[in-house]
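Asker: Got a file for you: start-v6.cif, mmCIF, C-alpha atoms.
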```cif
data_run
loop_
_atom_site.label_atom_id
_atom_site.label_comp_id
_atom_site.auth_asym_id
_atom_site.auth_seq_id
_atom_site.Cartn_x
_atom_site.Cartn_y
_atom_site.Cartn_z
CA MET A 23 0.00 0.00 0.00
CA ARG A 24 1.34 3.43 -0.94
CA PRO A 25 1.12 6.24 1.63
CA VAL A 26 -1.39 9.01 0.96
CA VAL A 27 -0.18 12.62 1.09
CA LEU A 28 -2.29 14.61 3.54
CA ASP A 29 -2.93 17.97 5.06
CA SER A 30 -2.10 18.15 8.78
CA GLU A 31 -5.77 18.85 9.60
CA VAL A 32 -6.64 15.27 8.60
CA LEU A 33 -4.73 14.09 11.70
CA ALA A 34 -5.86 16.83 14.10
CA CYS A 35 -6.65 15.80 17.66
CA ARG A 36 -9.49 18.33 17.66
CA GLU A 37 -11.11 19.93 14.64
CA GLY A 38 -14.18 22.04 13.99
CA ASP A 39 -16.48 23.68 16.48
CA GLU A 40 -17.10 20.38 18.28
CA GLY A 41 -13.39 19.69 18.75
CA THR A 42 -13.71 16.08 17.64
CA PRO A 43 -10.85 13.95 16.31
CA ALA A 44 -10.27 14.28 12.55
CA ASN A 45 -11.10 11.57 10.02
CA GLY A 46 -7.48 10.43 9.74
CA VAL A 47 -7.49 9.72 13.47
CA VAL A 48 -10.54 7.50 12.96
CA LEU A 49 -8.63 5.58 10.29
CA LEU A 50 -5.70 5.09 12.68
CA ALA A 51 -8.07 3.82 15.38
CA GLN A 52 -9.65 1.32 13.00
CA SER A 53 -6.21 -0.14 12.20
CA VAL A 54 -5.49 -1.18 15.79
CA PRO A 55 -8.83 -1.99 17.44
CA THR A 56 -7.16 -2.96 20.74
CA ALA A 57 -5.53 0.46 21.24
CA SER A 58 -7.01 2.54 24.06
CA TRP A 59 -5.18 5.65 22.74
CA VAL A 60 -4.79 6.93 19.16
CA PRO A 61 -2.03 9.29 17.94
CA CYS A 62 -2.94 12.65 16.44
CA LEU A 63 -1.46 16.11 15.85
CA GLU A 64 -1.92 18.82 18.47
CA THR A 65 0.16 21.33 16.49
CA ILE A 66 2.54 21.34 13.58
CA PRO A 67 5.23 24.03 13.69
CA LEU A 68 6.52 26.02 10.75
CA GLY A 69 8.90 23.98 8.65
CA TRP A 70 7.06 20.70 9.24
CA ASP A 71 4.54 18.96 6.97
CA VAL A 72 2.57 15.75 7.04
CA SER A 73 3.91 13.70 4.14
CA GLY A 74 1.77 10.60 4.25
CA LEU A 75 -0.45 8.16 6.08
CA GLU A 76 -0.55 4.40 5.76
CA ALA A 77 -3.11 2.23 7.54
CA THR A 78 -3.49 -1.54 7.39
CA ASP A 79 -5.45 -4.06 9.42
CA GLU A 80 -2.40 -4.51 11.70
CA ASN A 81 -0.95 -1.02 12.25
CA ALA A 82 -0.97 2.56 11.09
CA ARG A 83 1.65 5.25 10.64
CA PHE A 84 2.14 8.73 9.35
CA TRP A 85 5.23 10.72 8.47
CA LEU A 86 6.36 14.25 9.10
CA ASP A 87 8.85 16.02 6.86
CA SER A 88 11.06 18.82 8.10
CA ASP A 89 12.64 21.62 6.10
CA ARG A 90 15.77 21.14 8.25
CA ASP A 91 15.84 17.40 8.90
CA GLY A 92 14.47 16.12 5.61
CA ARG A 93 11.84 13.74 4.34
CA HIS A 94 10.28 11.37 6.88
CA ALA A 95 12.32 12.92 9.69
CA VAL A 96 9.65 11.68 12.12
CA GLU A 97 7.39 8.66 11.75
CA ILE A 98 4.52 8.09 14.17
CA ARG A 99 3.29 4.50 14.41
CA LEU A 100 0.36 2.87 16.15
CA ASP A 101 0.79 -0.85 16.83
CA GLU A 102 -0.70 -3.40 19.19
CA HIS A 103 2.80 -4.12 20.56
CA CYS A 104 6.18 -2.34 20.48
CA ASP A 105 9.65 -3.78 20.16
CA LEU A 106 11.34 -2.39 23.28
CA THR A 107 14.61 -4.30 22.81
CA GLY A 108 17.45 -2.05 23.95
CA ALA A 109 15.07 0.69 25.13
CA THR A 110 15.25 2.38 28.52
CA ARG A 111 12.15 3.19 30.54
CA ILE A 112 12.06 6.81 31.61
CA PRO A 113 9.44 8.90 33.43
CA SER A 114 6.47 9.42 31.15
CA ASP A 115 5.14 12.80 30.11
CA ARG A 116 1.76 11.26 29.23
CA GLU A 117 -0.94 10.05 31.56
CA ALA A 118 -1.69 6.30 31.49
CA MET A 119 1.35 5.55 29.31
CA GLU A 120 4.82 4.15 29.94
CA ARG A 121 7.60 5.91 28.04
CA TRP A 122 10.60 4.11 26.56
CA GLU A 123 13.59 5.59 24.67
CA ARG A 124 16.13 3.97 22.39
CA VAL A 125 18.85 5.89 20.51
CA THR A 126 20.55 3.80 17.83
CA GLN A 127 22.78 6.42 16.19
CA VAL A 128 24.19 9.75 17.32
CA THR A 129 26.21 10.89 14.32
CA PRO A 130 26.02 11.87 11.51
CA GLN A 131 22.28 11.56 12.11
CA TYR A 132 20.45 11.31 15.40
CA VAL A 133 18.29 8.18 15.10
CA GLY A 134 16.05 6.51 17.63
CA THR A 135 12.60 5.67 18.88
CA ARG A 136 10.40 7.05 21.62
CA SER A 137 7.63 4.61 22.53
CA TYR A 138 4.52 5.13 24.60
CA VAL A 139 3.03 1.85 25.82
CA PHE A 140 -0.54 1.64 27.10
CA GLU A 141 -3.44 -0.78 27.37
CA GLY A 142 -3.90 -2.52 24.03
CA GLY A 143 -1.26 -0.67 22.06
CA CYS A 144 1.81 1.41 21.56
CA ILE A 145 2.55 4.74 19.89
CA SER A 146 6.11 4.96 18.59
CA VAL A 147 7.83 8.13 17.44
CA LEU A 148 10.73 7.13 15.20
CA PHE A 149 13.13 9.96 14.48
CA ARG A 150 15.94 10.38 11.97
CA LEU A 151 17.27 13.88 12.45
CA SER A 152 19.97 15.45 10.30
CA GLY A 153 19.82 19.05 11.47
CA GLU A 154 22.07 20.74 13.97
CA ASN A 155 19.39 21.35 16.60
CA ARG A 156 18.05 18.01 17.81
CA ALA A 157 16.14 19.27 20.84
CA GLU A 158 13.55 21.13 18.73
CA PRO A 159 12.37 18.12 16.67
CA LEU A 160 12.29 15.90 19.73
CA GLY A 161 10.37 18.56 21.61
CA PHE A 162 7.90 18.67 18.75
CA ALA A 163 7.60 14.90 18.84
CA THR A 164 6.69 15.13 22.51
CA GLN A 165 4.40 18.16 22.42
CA GLY A 166 3.08 18.40 18.85
CA VAL A 167 2.14 14.75 18.57
CA GLY A 168 -0.76 14.05 20.87
CA ALA A 169 -3.05 11.15 21.65
CA VAL A 170 -6.80 10.94 22.08
CA PRO A 171 -8.66 8.26 24.01
CA ARG A 172 -10.29 5.62 21.81
CA ASP A 173 -13.57 6.35 23.61
CA ALA A 174 -13.48 9.95 22.27
CA VAL A 175 -12.96 8.67 18.72
CA ARG A 176 -15.76 6.13 19.16
CA GLU A 177 -18.13 8.81 20.43
CA ALA A 178 -17.23 11.21 17.58
CA VAL A 179 -17.94 8.56 14.93
CA HIS A 180 -21.29 7.76 16.54
CA GLU A 181 -22.30 11.44 16.80
CA GLN A 182 -21.07 12.52 13.34
CA THR A 183 -22.96 9.70 11.64
CA GLU A 184 -26.04 10.08 13.87
CA GLY A 185 -25.57 6.49 15.04
CA ARG A 186 -25.38 4.94 11.56
CA LEU A 187 -21.72 3.94 11.96
CA GLU A 188 -19.68 2.66 14.88
CA LEU A 189 -15.90 2.67 15.30
CA ASP A 190 -15.93 -0.79 16.82
CA PRO A 191 -18.98 -2.63 15.47
#
```
Any chance you could give the structure as structure tokens?
Answerer:
Amino acid sequence: MRPVVLDSEVLACREGDEGTPANGVVLLAQSVPTASWVPCLETIPLGWDVSGLEATDENARFWLDSDRDGRHAVEIRLDEHCDLTGATRIPSDREAMERWERVTQVTPQYVGTRSYVFEGGCISVLFRLSGENRAEPLGFATQGVGAVPRDAVREAVHEQTEGRLELDP
């Protein structure tokens, strides 16, 4: 399956007057029906763009391009399970999630994975940073990439379709 190029609003944690998760977030949720949390975008800073979304019946992911760090500098994945081999558990910055970090390369690129593990799933932020300032993209990965509870996505689907469709039939 080829990734689809998207606008960042398609993955918004809250859109419109109702502040409901965007349609792309619904697609991510459908890919991993066990996941109690679903990744989304809180904000996207200048110089960053969503470059694609791929969803299967096993996992989902989307990519962010950076004008400084290049194409697919950050990949956000939603899976039922994460590979935490070689990762270190550190204090989490997200409620109801364990946070794990693994850096696999420091130079010439800064490469690694930040994983958030929770009931029924895992959100992984894979980064491959080429720019000089590494703190900014990692800060974005922590603050710009959000997560919404599956229950909120389920409720939004039910309300937007006036009960005709369900996220988890």
Asker: Once the PyMOL selection byres ((chain A and resi 62-76) around 9) has been evaluated on this model, what residues remain selected, and can you format them as an MDAnalysis selection string?
Answerer: chainID A and resid 23:36 43:44 46:47 50 60:61 77:78 81:90 93:94 162 165:170
Asker: Which residue out of A:Gln131, A:His180, A:Asp39, A:Glu188 has the minimum interatomic distance to Gly92 in chain A when all atoms listed in the file are used?
Answerer: A:Gln131
Asker: Please indicate the distance in Å from CA of Thr56 in chain A to CA of Glu141 in chain A, rounded to one decimal place.
Answerer: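 Value for the CA of Thr56 in chain A-CA of Glu141 in chain A distance: 7.9 Å.
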Asker: Residues near Pro55 in chain A, anyone? I mean within 12 Å using all atoms listed in the file, not counting same-chain ones fewer than 2 positions away, as a ChimeraX atom specification.
Answerer: /A:48-53,57-60,78-82,100-102,141-144,172-173,175-176,189-191
Asker: In Å, rounded to a single decimal, give me how far CA of Pro113 in chain A is from CA of Gly41 in chain A.
Answerer: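 Going from CA of Gly41 in chain A over to CA of Pro113 in chain A, I get 29.2 Å.
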Asker: Can you tell me how far CA of Cys104 in chain A sits from CA of Ala178 in chain A, in Å to one decimal?
Answerer: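 Computing it gives 27.2 Å between the two atoms.
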Asker: Given the file shown, enumerate the residues that the PyMOL selection byres ((chain A and resi 138) around 6) captures and present them as a ChimeraX atom specification.
Answerer: /A:119-121,137,139,144-145
Asker: Show me, as JSON, the centre and edge lengths in Å to one decimal of the axis-aligned box that covers every listed atom of range 49-64 of chain A with 4 Å on each side.
Answerer:
```
{"center_x": -5.6, "center_y": 7.9, "center_z": 17.2, "size_x": 16.2, "size_y": 29.8, "size_z": 21.8}
```
Asker: Tell me which residues the PyMOL selection byres ((chain A and resi 106) around 9) grabs here, as a list of chain:residue names.
Answerer: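 When the PyMOL selection byres ((chain A and resi 106) around 9) is applied, the selected residues are A:Cys104, A:Asp105, A:Thr107, A:Gly108, A:Ala109, A:Thr110, A:Trp122, A:Glu123, A:Arg124, A:Ser137.
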